[in-house]
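Coordinates from entry.pdb are shown below (PDB, C-alpha atoms).
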ATOM      1  CA  MET A 182     -13.360  11.371 -19.204
ATOM      2  CA  ALA A 183     -10.932  11.759 -22.100
ATOM      3  CA  LEU A 184      -7.164  11.548 -21.615
ATOM      4  CA  PHE A 185      -6.122  14.486 -19.432
ATOM      5  CA  ASP A 186      -2.532  13.810 -18.385
ATOM      6  CA  LEU A 187       0.701  13.544 -20.358
ATOM      7  CA  PRO A 188       0.847  11.457 -23.560
ATOM      8  CA  LEU A 189       2.078   7.916 -23.062
ATOM      9  CA  ASP A 190       5.469   8.524 -24.673
ATOM     10  CA  GLU A 191       6.086  11.396 -22.236
ATOM     11  CA  LEU A 192       4.829   9.353 -19.280
ATOM     12  CA  ARG A 193       7.504   6.757 -19.959
ATOM     13  CA  ASP A 194      10.197   9.392 -19.381
ATOM     14  CA  TYR A 195       8.465  11.464 -16.695
ATOM     15  CA  ARG A 196      10.329  12.152 -13.445
ATOM     16  CA  SER A 197       8.826  13.654 -10.303
ATOM     17  CA  LYS A 198       9.990  16.985  -8.910
ATOM     18  CA  SER A 199       9.360  15.749  -5.350
ATOM     19  CA  VAL A 200      12.399  16.608  -3.225
ATOM     20  CA  GLU A 201      13.728  13.746  -1.127
ATOM     21  CA  PRO A 202      14.518  14.718   2.488
ATOM     22  CA  GLU A 203      18.188  14.360   3.412
ATOM     23  CA  ASP A 204      17.255  12.314   6.470
ATOM     24  CA  PHE A 205      14.719  10.069   4.689
ATOM     25  CA  ASP A 206      16.553   6.827   5.504
ATOM     26  CA  ALA A 207      17.338   7.889   9.065
ATOM     27  CA  PHE A 208      13.695   8.854   9.645
ATOM     28  CA  TRP A 209      12.430   5.456   8.543
ATOM     29  CA  SER A 210      15.173   3.504  10.282
ATOM     30  CA  LYS A 211      14.341   5.233  13.566
ATOM     31  CA  THR A 212      10.600   4.747  13.023
ATOM     32  CA  LEU A 213      10.925   1.008  12.416
ATOM     33  CA  ASP A 214      13.433   0.535  15.215
ATOM     34  CA  GLU A 215      10.976   2.144  17.638
ATOM     35  CA  ALA A 216       8.154  -0.089  16.405
ATOM     36  CA  ARG A 217      10.293  -3.187  16.877
ATOM     37  CA  GLU A 218      10.863  -2.308  20.517
ATOM     38  CA  HIS A 219       7.344  -3.691  21.006
ATOM     39  CA  PRO A 220       6.937  -7.480  20.767
ATOM     40  CA  LEU A 221       5.276  -8.436  17.482
ATOM     41  CA  ASP A 222       2.923 -10.735  19.400
ATOM     42  CA  ALA A 223       1.304 -12.122  16.247
ATOM     43  CA  ARG A 224      -1.732 -14.241  17.119
ATOM     44  CA  PHE A 225      -3.602 -16.461  14.650
ATOM     45  CA  GLU A 226      -7.088 -17.608  15.657
ATOM     46  CA  PRO A 227      -8.860 -20.056  13.318
ATOM     47  CA  VAL A 228     -12.258 -18.924  12.020
ATOM     48  CA  ASP A 229     -15.125 -21.271  11.202
ATOM     49  CA  THR A 230     -16.281 -19.870   7.844
ATOM     50  CA  GLY A 231     -17.975 -22.934   6.361
ATOM     51  CA  LEU A 232     -15.431 -22.931   3.534
ATOM     52  CA  SER A 233     -14.020 -26.328   2.568
ATOM     53  CA  THR A 234     -11.043 -25.274   0.415
ATOM     54  CA  VAL A 235      -9.656 -22.330   2.422
ATOM     55  CA  GLN A 236      -8.745 -22.054   6.112
ATOM     56  CA  VAL A 237      -8.995 -18.514   7.530
ATOM     57  CA  TYR A 238      -7.259 -17.107  10.604
ATOM     58  CA  ASP A 239      -8.183 -13.937  12.457
ATOM     59  CA  VAL A 240      -4.840 -12.213  13.018
ATOM     60  CA  THR A 241      -3.772  -9.577  15.532
ATOM     61  CA  PHE A 242      -0.247  -8.161  15.683
ATOM     62  CA  ALA A 243       1.517  -5.130  17.139
ATOM     63  CA  GLY A 244       1.990  -2.298  14.651
ATOM     64  CA  PHE A 245       3.159   1.272  15.148
ATOM     65  CA  GLY A 246       3.443   2.138  18.836
ATOM     66  CA  GLY A 247       2.596  -1.448  19.745
ATOM     67  CA  HIS A 248      -1.021  -0.758  18.728
ATOM     68  CA  PRO A 249      -3.052  -3.869  17.841
ATOM     69  CA  VAL A 250      -3.644  -4.242  14.097
ATOM     70  CA  LYS A 251      -5.987  -6.799  12.564
ATOM     71  CA  GLY A 252      -5.726  -8.939   9.462
ATOM     72  CA  TRP A 253      -6.860 -12.149   7.825
ATOM     73  CA  LEU A 254      -4.558 -15.021   6.932
ATOM     74  CA  ARG A 255      -6.033 -17.361   4.339
ATOM     75  CA  LEU A 256      -4.411 -20.710   3.560
ATOM     76  CA  PRO A 257      -5.392 -23.540   1.229
ATOM     77  CA  ALA A 258      -7.161 -26.104   3.385
ATOM     78  CA  GLY A 259      -4.903 -28.978   4.391
ATOM     79  CA  ALA A 260      -1.645 -27.102   3.736
ATOM     80  CA  ALA A 261       1.216 -28.952   5.428
ATOM     81  CA  GLU A 262       4.356 -27.232   4.082
ATOM     82  CA  PRO A 263       5.352 -23.534   4.017
ATOM     83  CA  LEU A 264       3.701 -21.733   1.111
ATOM     84  CA  PRO A 265       4.587 -18.688  -0.984
ATOM     85  CA  LEU A 266       3.127 -15.643   0.757
ATOM     86  CA  VAL A 267       1.065 -12.817  -0.736
ATOM     87  CA  VAL A 268       0.634  -9.806   1.565
ATOM     88  CA  GLU A 269      -2.136  -7.476   0.402
ATOM     89  CA  PHE A 270      -2.928  -3.881   1.371
ATOM     90  CA  ILE A 271      -6.334  -2.218   0.996
ATOM     91  CA  GLY A 272      -7.659   0.799  -0.916
ATOM     92  CA  TYR A 273      -8.564   4.107   0.726
ATOM     93  CA  GLY A 274     -11.465   3.926   3.165
ATOM     94  CA  GLY A 275     -11.834   0.161   3.046
ATOM     95  CA  GLY A 276     -11.250  -2.491   5.691
ATOM     96  CA  ARG A 277     -10.317  -6.144   5.753
ATOM     97  CA  GLY A 278     -13.947  -7.127   5.256
ATOM     98  CA  LEU A 279     -15.325 -10.547   6.167
ATOM     99  CA  PRO A 280     -13.305 -13.763   6.422
ATOM    100  CA  HIS A 281     -14.967 -15.500   3.460
ATOM    101  CA  GLU A 282     -14.083 -12.687   1.015
ATOM    102  CA  ASN A 283     -10.977 -12.305  -1.190
ATOM    103  CA  LEU A 284     -10.286 -15.958  -1.880
ATOM    104  CA  LEU A 285      -8.316 -15.576  -5.141
ATOM    105  CA  TRP A 286      -4.769 -15.851  -3.814
ATOM    106  CA  ALA A 287      -5.382 -18.743  -1.451
ATOM    107  CA  SER A 288      -7.046 -20.493  -4.396
ATOM    108  CA  THR A 289      -3.698 -20.396  -6.239
ATOM    109  CA  GLY A 290      -2.051 -22.451  -3.494
ATOM    110  CA  ARG A 291      -0.421 -19.468  -1.812
ATOM    111  CA  ALA A 292      -0.815 -18.073   1.682
ATOM    112  CA  HIS A 293      -2.686 -14.746   1.597
ATOM    113  CA  PHE A 294      -2.412 -12.148   4.341
ATOM    114  CA  MET A 295      -4.656  -9.060   4.178
ATOM    115  CA  MET A 296      -3.838  -6.199   6.535
ATOM    116  CA  ASP A 297      -6.587  -4.038   7.964
ATOM    117  CA  THR A 298      -5.834  -0.293   7.665
ATOM    118  CA  ARG A 299      -5.992   1.530  10.992
ATOM    119  CA  GLY A 300      -8.854   3.970  11.356
ATOM    120  CA  GLN A 301     -10.378   3.012   7.999
ATOM    121  CA  GLY A 302     -13.016   0.503   6.934
ATOM    122  CA  SER A 303     -16.166   2.618   6.947
ATOM    123  CA  ALA A 304     -16.376   3.974   3.395
ATOM    124  CA  TRP A 305     -16.948   0.816   1.323
ATOM    125  CA  GLY A 306     -16.820  -2.974   1.595
ATOM    126  CA  ALA A 307     -17.709  -4.966   4.691
ATOM    127  CA  GLY A 308     -15.819  -2.909   7.256
ATOM    128  CA  GLY A 309     -12.608  -2.945   9.254
ATOM    129  CA  GLY A 310     -11.659  -3.611  12.838
ATOM    130  CA  THR A 311      -8.513  -1.605  13.618
ATOM    131  CA  PRO A 312      -8.809   1.761  15.395
ATOM    132  CA  ASP A 313      -6.162   4.482  15.205
ATOM    133  CA  PRO A 314      -5.613   5.561  18.819
ATOM    134  CA  VAL A 315      -3.289   8.473  17.952
ATOM    135  CA  GLY A 316      -4.632  12.032  18.087
ATOM    136  CA  ALA A 317      -3.578  14.725  15.653
ATOM    137  CA  ALA A 318      -3.657  18.443  14.922
ATOM    138  CA  PRO A 319      -6.597  19.957  12.983
ATOM    139  CA  ALA A 320      -7.105  18.216   9.658
ATOM    140  CA  TYR A 321      -9.429  18.205   6.663
ATOM    141  CA  PRO A 322     -11.962  15.321   6.899
ATOM    142  CA  GLY A 323     -10.362  12.153   5.557
ATOM    143  CA  PHE A 324      -6.902  10.774   6.243
ATOM    144  CA  MET A 325      -4.586  12.729   3.954
ATOM    145  CA  THR A 326      -3.952  15.649   6.317
ATOM    146  CA  ARG A 327      -4.080  13.919   9.706
ATOM    147  CA  GLY A 328      -0.903  14.900  11.510
ATOM    148  CA  ILE A 329       0.398  16.750   8.466
ATOM    149  CA  ASP A 330       1.934  19.374  10.747
ATOM    150  CA  ALA A 331       5.090  17.220  11.064
ATOM    151  CA  PRO A 332       6.452  13.966   9.586
ATOM    152  CA  GLU A 333       6.586  12.408  13.064
ATOM    153  CA  ASN A 334       2.844  12.954  13.478
ATOM    154  CA  TYR A 335       1.617  12.075   9.985
ATOM    155  CA  TYR A 336      -1.017   9.374   9.654
ATOM    156  CA  TYR A 337       0.839   7.363   7.008
ATOM    157  CA  ARG A 338       3.866   7.031   9.258
ATOM    158  CA  ARG A 339       1.685   4.760  11.344
ATOM    159  CA  VAL A 340       0.148   2.961   8.354
ATOM    160  CA  PHE A 341       3.462   2.261   6.596
ATOM    161  CA  THR A 342       4.949   1.010   9.856
ATOM    162  CA  ASP A 343       1.921  -1.250  10.352
ATOM    163  CA  ALA A 344       2.503  -2.588   6.838
ATOM    164  CA  VAL A 345       6.121  -3.530   7.484
ATOM    165  CA  ARG A 346       5.045  -5.229  10.709
ATOM    166  CA  ALA A 347       2.276  -7.009   8.783
ATOM    167  CA  VAL A 348       4.905  -8.616   6.558
ATOM    168  CA  GLU A 349       6.813  -9.677   9.657
ATOM    169  CA  ALA A 350       3.655 -11.048  11.263
ATOM    170  CA  ALA A 351       2.626 -13.001   8.169
ATOM    171  CA  ARG A 352       6.128 -14.424   7.828
ATOM    172  CA  SER A 353       6.014 -15.639  11.438
ATOM    173  CA  HIS A 354       3.315 -18.225  10.700
ATOM    174  CA  PRO A 355       4.807 -21.723  10.265
ATOM    175  CA  LEU A 356       2.935 -22.321   6.993
ATOM    176  CA  THR A 357       4.331 -19.260   5.212
ATOM    177  CA  ASP A 358       7.649 -19.212   3.359
ATOM    178  CA  ALA A 359       9.376 -15.931   4.226
ATOM    179  CA  SER A 360      11.798 -16.370   1.318
ATOM    180  CA  ARG A 361       8.909 -16.171  -1.156
ATOM    181  CA  THR A 362       6.993 -13.031  -0.121
ATOM    182  CA  ILE A 363       5.045 -10.847  -2.542
ATOM    183  CA  ALA A 364       3.391  -7.509  -1.684
ATOM    184  CA  ILE A 365       0.346  -6.366  -3.645
ATOM    185  CA  GLY A 366      -2.397  -3.752  -3.461
ATOM    186  CA  ALA A 367      -4.463  -1.310  -5.490
ATOM    187  CA  SER A 368      -4.843   2.460  -5.085
ATOM    188  CA  GLN A 369      -3.949   3.232  -1.452
ATOM    189  CA  GLY A 370      -2.960  -0.410  -1.192
ATOM    190  CA  GLY A 371      -0.656   0.105  -4.163
ATOM    191  CA  GLY A 372       0.971   3.088  -2.475
ATOM    192  CA  ILE A 373       1.471   1.068   0.709
ATOM    193  CA  THR A 374       2.919  -1.752  -1.417
ATOM    194  CA  ILE A 375       5.525   0.609  -2.883
ATOM    195  CA  ALA A 376       6.436   1.860   0.596
ATOM    196  CA  VAL A 377       6.858  -1.723   1.820
ATOM    197  CA  GLY A 378       8.929  -2.467  -1.275
ATOM    198  CA  GLY A 379      11.304   0.303  -0.264
ATOM    199  CA  LEU A 380      11.412  -0.622   3.424
ATOM    200  CA  VAL A 381      11.605  -4.435   3.241
ATOM    201  CA  PRO A 382      14.674  -5.274   1.134
ATOM    202  CA  ASP A 383      14.132  -9.026   0.668
ATOM    203  CA  LEU A 384      10.706  -9.224  -0.945
ATOM    204  CA  THR A 385      10.378 -11.627  -3.854
ATOM    205  CA  ALA A 386       8.251  -9.227  -5.913
ATOM    206  CA  ILE A 387       5.695  -6.436  -5.659
ATOM    207  CA  ALA A 388       2.619  -5.626  -7.744
ATOM    208  CA  PRO A 389       1.084  -2.157  -7.110
ATOM    209  CA  ASP A 390      -2.024  -1.343  -9.156
ATOM    210  CA  VAL A 391      -2.967   2.272 -10.007
ATOM    211  CA  PRO A 392      -1.052   3.299  -6.875
ATOM    212  CA  PHE A 393      -1.998   6.254  -4.686
ATOM    213  CA  LEU A 394       0.424   8.217  -2.436
ATOM    214  CA  CYS A 395       2.938   9.012  -5.196
ATOM    215  CA  ASP A 396       4.362  12.305  -6.508
ATOM    216  CA  TYR A 397       2.408  14.567  -4.151
ATOM    217  CA  PRO A 398       3.572  17.892  -5.679
ATOM    218  CA  ARG A 399       2.042  16.957  -9.032
ATOM    219  CA  ALA A 400      -0.965  15.044  -7.730
ATOM    220  CA  ALA A 401      -2.125  17.841  -5.433
ATOM    221  CA  THR A 402      -2.154  20.361  -8.289
ATOM    222  CA  LEU A 403      -3.258  18.165 -11.207
ATOM    223  CA  THR A 404      -6.460  16.508  -9.994
ATOM    224  CA  ASP A 405      -9.408  17.902  -8.074
ATOM    225  CA  ARG A 406     -10.703  14.440  -7.213
ATOM    226  CA  HIS A 407     -10.478  13.072  -3.691
ATOM    227  CA  PRO A 408      -8.435  11.898  -1.822
ATOM    228  CA  TYR A 409      -5.630  14.097  -3.203
ATOM    229  CA  ARG A 410      -8.031  17.041  -3.141
ATOM    230  CA  GLU A 411      -8.041  16.847   0.666
ATOM    231  CA  ILE A 412      -4.548  18.378   0.564
ATOM    232  CA  GLY A 413      -5.686  21.366  -1.481
ATOM    233  CA  LEU A 414      -8.748  21.939   0.661
ATOM    234  CA  TYR A 415      -6.600  21.890   3.797
ATOM    235  CA  LEU A 416      -4.251  24.466   2.257
ATOM    236  CA  LYS A 417      -7.226  26.548   1.144
ATOM    237  CA  THR A 418      -7.857  27.174   4.849
ATOM    238  CA  HIS A 419      -4.259  26.974   6.104
ATOM    239  CA  ARG A 420      -2.869  29.583   3.755
ATOM    240  CA  GLY A 421       0.892  29.859   3.409
ATOM    241  CA  ARG A 422       1.581  26.295   4.629
ATOM    242  CA  THR A 423       2.280  24.719   1.238
ATOM    243  CA  ASP A 424       6.033  24.288   1.713
ATOM    244  CA  ASP A 425       5.575  22.798   5.184
ATOM    245  CA  VAL A 426       2.926  20.367   3.938
ATOM    246  CA  LEU A 427       5.023  19.229   0.966
ATOM    247  CA  ARG A 428       7.981  18.709   3.260
ATOM    248  CA  THR A 429       5.927  16.406   5.487
ATOM    249  CA  LEU A 430       4.546  14.527   2.495
ATOM    250  CA  SER A 431       8.030  14.040   1.023
ATOM    251  CA  TYR A 432       8.768  11.474   3.747
ATOM    252  CA  PHE A 433       5.806   9.403   2.500
ATOM    253  CA  ASP A 434       6.119   9.807  -1.274
ATOM    254  CA  GLY A 435       6.121   6.560  -3.208
ATOM    255  CA  VAL A 436       8.714   8.039  -5.552
ATOM    256  CA  HIS A 437      11.335   8.004  -2.789
ATOM    257  CA  PHE A 438      10.444   4.505  -1.621
ATOM    258  CA  ALA A 439      10.632   3.339  -5.240
ATOM    259  CA  ALA A 440      14.207   4.595  -5.451
ATOM    260  CA  ARG A 441      14.981   1.962  -2.805
ATOM    261  CA  GLY A 442      13.084  -0.890  -4.454
ATOM    262  CA  ARG A 443      15.099  -4.091  -4.641
ATOM    263  CA  SER A 444      12.651  -6.615  -6.086
ATOM    264  CA  PRO A 445      10.954  -7.307  -9.422
ATOM    265  CA  ALA A 446       7.827  -5.188  -9.856
ATOM    266  CA  LEU A 447       4.656  -5.203 -11.949
ATOM    267  CA  PHE A 448       2.826  -1.853 -11.930
ATOM    268  CA  SER A 449      -0.418  -0.849 -13.604
ATOM    269  CA  ALA A 450      -1.737   2.540 -14.712
ATOM    270  CA  ALA A 451      -4.948   3.782 -16.329
ATOM    271  CA  LEU A 452      -4.707   6.744 -18.677
ATOM    272  CA  GLU A 453      -8.114   8.222 -17.761
ATOM    273  CA  ASP A 454      -7.498   7.844 -14.021
ATOM    274  CA  GLN A 455      -8.226  11.159 -12.286
ATOM    275  CA  THR A 456      -7.963   9.656  -8.788
ATOM    276  CA  CYS A 457      -4.349   8.536  -9.221
ATOM    277  CA  PRO A 458      -3.206  10.358 -12.381
ATOM    278  CA  PRO A 459      -0.996   8.250 -14.639
ATOM    279  CA  SER A 460       1.943  10.654 -14.400
ATOM    280  CA  THR A 461       2.056  10.085 -10.624
ATOM    281  CA  VAL A 462       2.065   6.318 -11.173
ATOM    282  CA  PHE A 463       4.801   6.559 -13.799
ATOM    283  CA  ALA A 464       6.783   8.793 -11.427
ATOM    284  CA  ALA A 465       7.046   5.871  -9.013
ATOM    285  CA  TYR A 466       7.483   3.265 -11.757
ATOM    286  CA  ASN A 467      10.286   5.203 -13.434
ATOM    287  CA  ALA A 468      12.019   5.615 -10.065
ATOM    288  CA  TRP A 469      11.778   1.901  -9.208
ATOM    289  CA  GLU A 470      15.365   0.659  -8.989
ATOM    290  CA  HIS A 471      15.153  -3.017  -9.911
ATOM    291  CA  ASP A 472      15.917  -3.877 -13.542
ATOM    292  CA  GLU A 473      13.100  -6.429 -13.759
ATOM    293  CA  LYS A 474      10.021  -4.243 -13.884
ATOM    294  CA  ALA A 475       6.998  -3.841 -16.117
ATOM    295  CA  ILE A 476       3.891  -1.685 -16.279
ATOM    296  CA  GLU A 477       0.525  -2.607 -17.765
ATOM    297  CA  VAL A 478      -1.284   0.405 -19.227
ATOM    298  CA  TYR A 479      -5.085   0.529 -19.628
ATOM    299  CA  ASP A 480      -5.781   3.234 -22.192
ATOM    300  CA  PHE A 481      -9.475   4.003 -21.666
ATOM    301  CA  ASN A 482      -9.962   3.161 -18.015
ATOM    302  CA  ASP A 483     -10.393   5.382 -14.991
ATOM    303  CA  HIS A 484      -9.394   4.321 -11.472
ATOM    304  CA  GLU A 485     -10.838   0.827 -11.902
ATOM    305  CA  GLY A 486      -7.755   0.164 -14.024
ATOM    306  CA  GLY A 487      -7.474  -3.286 -15.534
ATOM    307  CA  GLY A 488      -9.866  -4.936 -13.072
ATOM    308  CA  PRO A 489     -10.145  -8.693 -13.664
ATOM    309  CA  PHE A 490      -8.008  -8.408 -16.809
ATOM    310  CA  HIS A 491      -5.132  -7.172 -14.685
ATOM    311  CA  GLU A 492      -5.759  -9.854 -12.080
ATOM    312  CA  ALA A 493      -5.145 -12.363 -14.883
ATOM    313  CA  ALA A 494      -1.956 -10.506 -15.837
ATOM    314  CA  LYS A 495      -0.719 -10.677 -12.229
ATOM    315  CA  LEU A 496      -1.552 -14.360 -11.942
ATOM    316  CA  ASP A 497       0.526 -15.034 -15.039
ATOM    317  CA  TRP A 498       3.413 -12.737 -14.031
ATOM    318  CA  LEU A 499       3.709 -14.108 -10.486
ATOM    319  CA  ARG A 500       4.078 -17.703 -11.681
ATOM    320  CA  SER A 501       7.752 -17.029 -12.273
ATOM    321  CA  HIS A 502       8.270 -15.403  -8.855
ATOM    322  CA  ALA A 503       6.449 -17.421  -6.200
TER     323      ALA A 503
END
Kindly return the structure encoded in the file as structure tokens.
Amino acid sequence: MALFDLPLDELRDYRSKSVEPEDFDAFWSKTLDEAREHPLDARFEPVDTGLSTVQVYDVTFAGFGGHPVKGWLRLPAGAAEPLPLVVEFIGYGGGRGLPHENLLWASTGRAHFMMDTRGQGSAWGAGGGTPDPVGAAPAYPGFMTRGIDAPENYYYRRVFTDAVRAVEAARSHPLTDASRTIAIGASQGGGITIAVGGLVPDLTAIAPDVPFLCDYPRAATLTDRHPYREIGLYLKTHRGRTDDVLRTLSYFDGVHFAARGRSPALFSAALEDQTCPPSTVFAAYNAWEHDEKAIEVYDFNDHEGGGPFHEAAKLDWLRSHA
């Protein structure tokens, strides 16, 4: 696929037309306050993986509505002092996988917490283990329109709340250093990372790669690739609901969370990415508030982005943060 979005010089100045709800902060404050009425109840059960350099814990904590959410905590074997913490969120349709996977961050001497995404984990990878017990109004198959009838019902209200609670759960372990917490993720995980960056004010840094869930008004009309296409296919049936749908989505737009970002950030974008078009990524990047920010651009890549090359870039960048 050749370049299909704005030229790079225009991307660097692009601003989203997504309209921020007047009660955005009140909505999220109320949502998180309600979640915190439930005890976090973070439990860490050691797993015998056969690994000699990494210790893995099977984690359960209370997310949105007090619902149990799963995760893995991976620590360098023999760790005795609190470690810098990397909290990672997963791409669309994937789950936390198996305990012996994803060993990169623990191999750097950091604690690594990977949150399972509720209701997902059956599209790729080795699966997930967190159900979503909340029902919803009629939706297009997938997750993008579940509960889209109202912000209070929308699926990502639960996911973003889970993610904030995941940071709290990971920080509660005695071998993690809460003052050195980094949030990372790619695609959906990148979108969740941006949301967490806007909702958790004391993160050390964030690193969202080719992030999803940003600039919905443009994304839903620019690309016909899933998952954004789920929105258009829903509206194809539910004619006349466009304004209502965009209003719901505005409470979950990475652009508005980015405007509240208070930590250094390293983004990445791919100029041939039709899944998360580069203009939608730049919309969030350009809105990110912290002065210390950078974006790596991969000119001829689709949604795979920088892959292992960008992993190397993150490893180098995060040396100065935690």
Nearby residues (all atoms listed in the file) at most 10 Å from Trp469 of chain A, same-chain spacing under 2 positions excluded, as a list of chain:residue names: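 In the requested format, the answer is A:Ile375, A:Gly378, A:Gly379, A:Gly435, A:Val436, A:His437, A:Phe438, A:Ala439, A:Ala440, A:Arg441, A:Gly442, A:Arg443, A:Ser444, A:Pro445, A:Ala446, A:Phe463, A:Ala464, A:Ala465, A:Tyr466, A:Asn467, A:His471, A:Asp472, A:Glu473, A:Lys474.
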Once the PyMOL selection byres ((chain A and resi 480) around 8) is applied to the coordinates I shared, what remains selected? I want it as a PyMOL selection string. chain A and resi 451-453+478-479+481-482
Between atom CA of Arg361 of chain A and atom CA of Gly252 of chain A - distance in Å to one decimal: 19.5 Å
Which residues fall under the PyMOL selection byres ((chain A and resi 381) around 12) in this file, as a short mmCIF file (atom, residue, chain, number, x, y, z; two decimals) with C-alpha atoms, in the coordinates of the input?
data_model
loop_
_atom_site.label_atom_id
_atom_site.label_comp_id
_atom_site.auth_asym_id
_atom_site.auth_seq_id
_atom_site.Cartn_x
_atom_site.Cartn_y
_atom_site.Cartn_z
CA TRP A 209 12.43 5.46 8.54
CA SER A 210 15.17 3.50 10.28
CA LEU A 213 10.92 1.01 12.42
CA PHE A 341 3.46 2.26 6.60
CA THR A 342 4.95 1.01 9.86
CA ALA A 344 2.50 -2.59 6.84
CA VAL A 345 6.12 -3.53 7.48
CA ARG A 346 5.04 -5.23 10.71
CA ALA A 347 2.28 -7.01 8.78
CA VAL A 348 4.90 -8.62 6.56
CA GLU A 349 6.81 -9.68 9.66
CA ALA A 359 9.38 -15.93 4.23
CA THR A 362 6.99 -13.03 -0.12
CA ILE A 363 5.04 -10.85 -2.54
CA ALA A 364 3.39 -7.51 -1.68
CA ILE A 373 1.47 1.07 0.71
CA THR A 374 2.92 -1.75 -1.42
CA ILE A 375 5.52 0.61 -2.88
CA ALA A 376 6.44 1.86 0.60
CA VAL A 377 6.86 -1.72 1.82
CA GLY A 378 8.93 -2.47 -1.27
CA GLY A 379 11.30 0.30 -0.26
CA LEU A 380 11.41 -0.62 3.42
CA PRO A 382 14.67 -5.27 1.13
CA ASP A 383 14.13 -9.03 0.67
CA LEU A 384 10.71 -9.22 -0.94
CA THR A 385 10.38 -11.63 -3.85
CA ALA A 386 8.25 -9.23 -5.91
CA ILE A 387 5.70 -6.44 -5.66
CA PHE A 438 10.44 4.50 -1.62
CA ALA A 439 10.63 3.34 -5.24
CA ARG A 441 14.98 1.96 -2.80
CA GLY A 442 13.08 -0.89 -4.45
CA ARG A 443 15.10 -4.09 -4.64
CA SER A 444 12.65 -6.62 -6.09
#
Report as a short mmCIF file (atom, residue, chain, number, x, y, z; two decimals) with C-alpha atoms, keeping the file's coordinate frame the residues that result from applying the PyMOL selection byres ((chain A and resi 253) around 7) to the structure here.
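The file below, selection_26.cif, is the result:
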data_model
loop_
_atom_site.label_atom_id
_atom_site.label_comp_id
_atom_site.auth_asym_id
_atom_site.auth_seq_id
_atom_site.Cartn_x
_atom_site.Cartn_y
_atom_site.Cartn_z
CA VAL A 237 -8.99 -18.51 7.53
CA TYR A 238 -7.26 -17.11 10.60
CA ASP A 239 -8.18 -13.94 12.46
CA VAL A 240 -4.84 -12.21 13.02
CA GLY A 252 -5.73 -8.94 9.46
CA LEU A 254 -4.56 -15.02 6.93
CA ARG A 255 -6.03 -17.36 4.34
CA PRO A 280 -13.30 -13.76 6.42
CA PHE A 294 -2.41 -12.15 4.34
CA MET A 295 -4.66 -9.06 4.18
CA MET A 296 -3.84 -6.20 6.54
#
Would you compute the distance between atom CA of Glu191 of chain A and atom CA of Ser460 of chain A? Give it in Å to one decimal.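 That distance, rounded to one decimal, is 8.9 Å.
Counting from atom CA of Val250 of chain A, the distance to atom CA of Pro312 of chain A is 8.0 Å.
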Closest to Leu447 of chain A among A:Asp405, A:Asp497, A:Asp194, A:Glu201, using all atoms listed in the file?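 Once distances to Leu447 of chain A are computed over all atoms listed in the file, the minimum belongs to A:Asp497.
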For a cutoff of 6 Å around the file-coordinate point (14.5, 16.4, 5.4), which residues qualify once you count all atoms listed in the file? I'd like the result as a count of residues only. 3
Could you put an axis-aligned box around every listed atom of segment 466-470 of chain A, padded by 8 Å on each side, and send me its centre and edge lengths in Å to one decimal, as lines of an AutoDock Vina configuration file?
center_x = 11.4
center_y = 3.1
center_z = -11.2
size_x = 23.9
size_y = 21.0
size_z = 20.4
Residue among A:Pro458, A:Pro489, A:Gly302, A:Gly372 lying closest to Ala401 of chain A, counting only C-alpha atoms: A:Pro458
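Comparing A:Asp229, A:Gly244, A:Gly328, A:Ala260 by their smallest distance to Asp214 of chain A, the closest is A:Gly244 (using all atoms listed in the file).
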Choose the residue, out of A:Pro263, A:Gly366, A:Gly247, A:Gly310, that has the smallest atom-to-atom separation from Asp343 of chain A; count all atoms listed in the file.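 Smallest distance to Asp343 of chain A is found for A:Gly247.
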With distances taken over all atoms listed in the file, the candidate from A:Pro332, A:Gly323, A:Gly278, A:Pro314 nearest Leu430 of chain A is A:Pro332
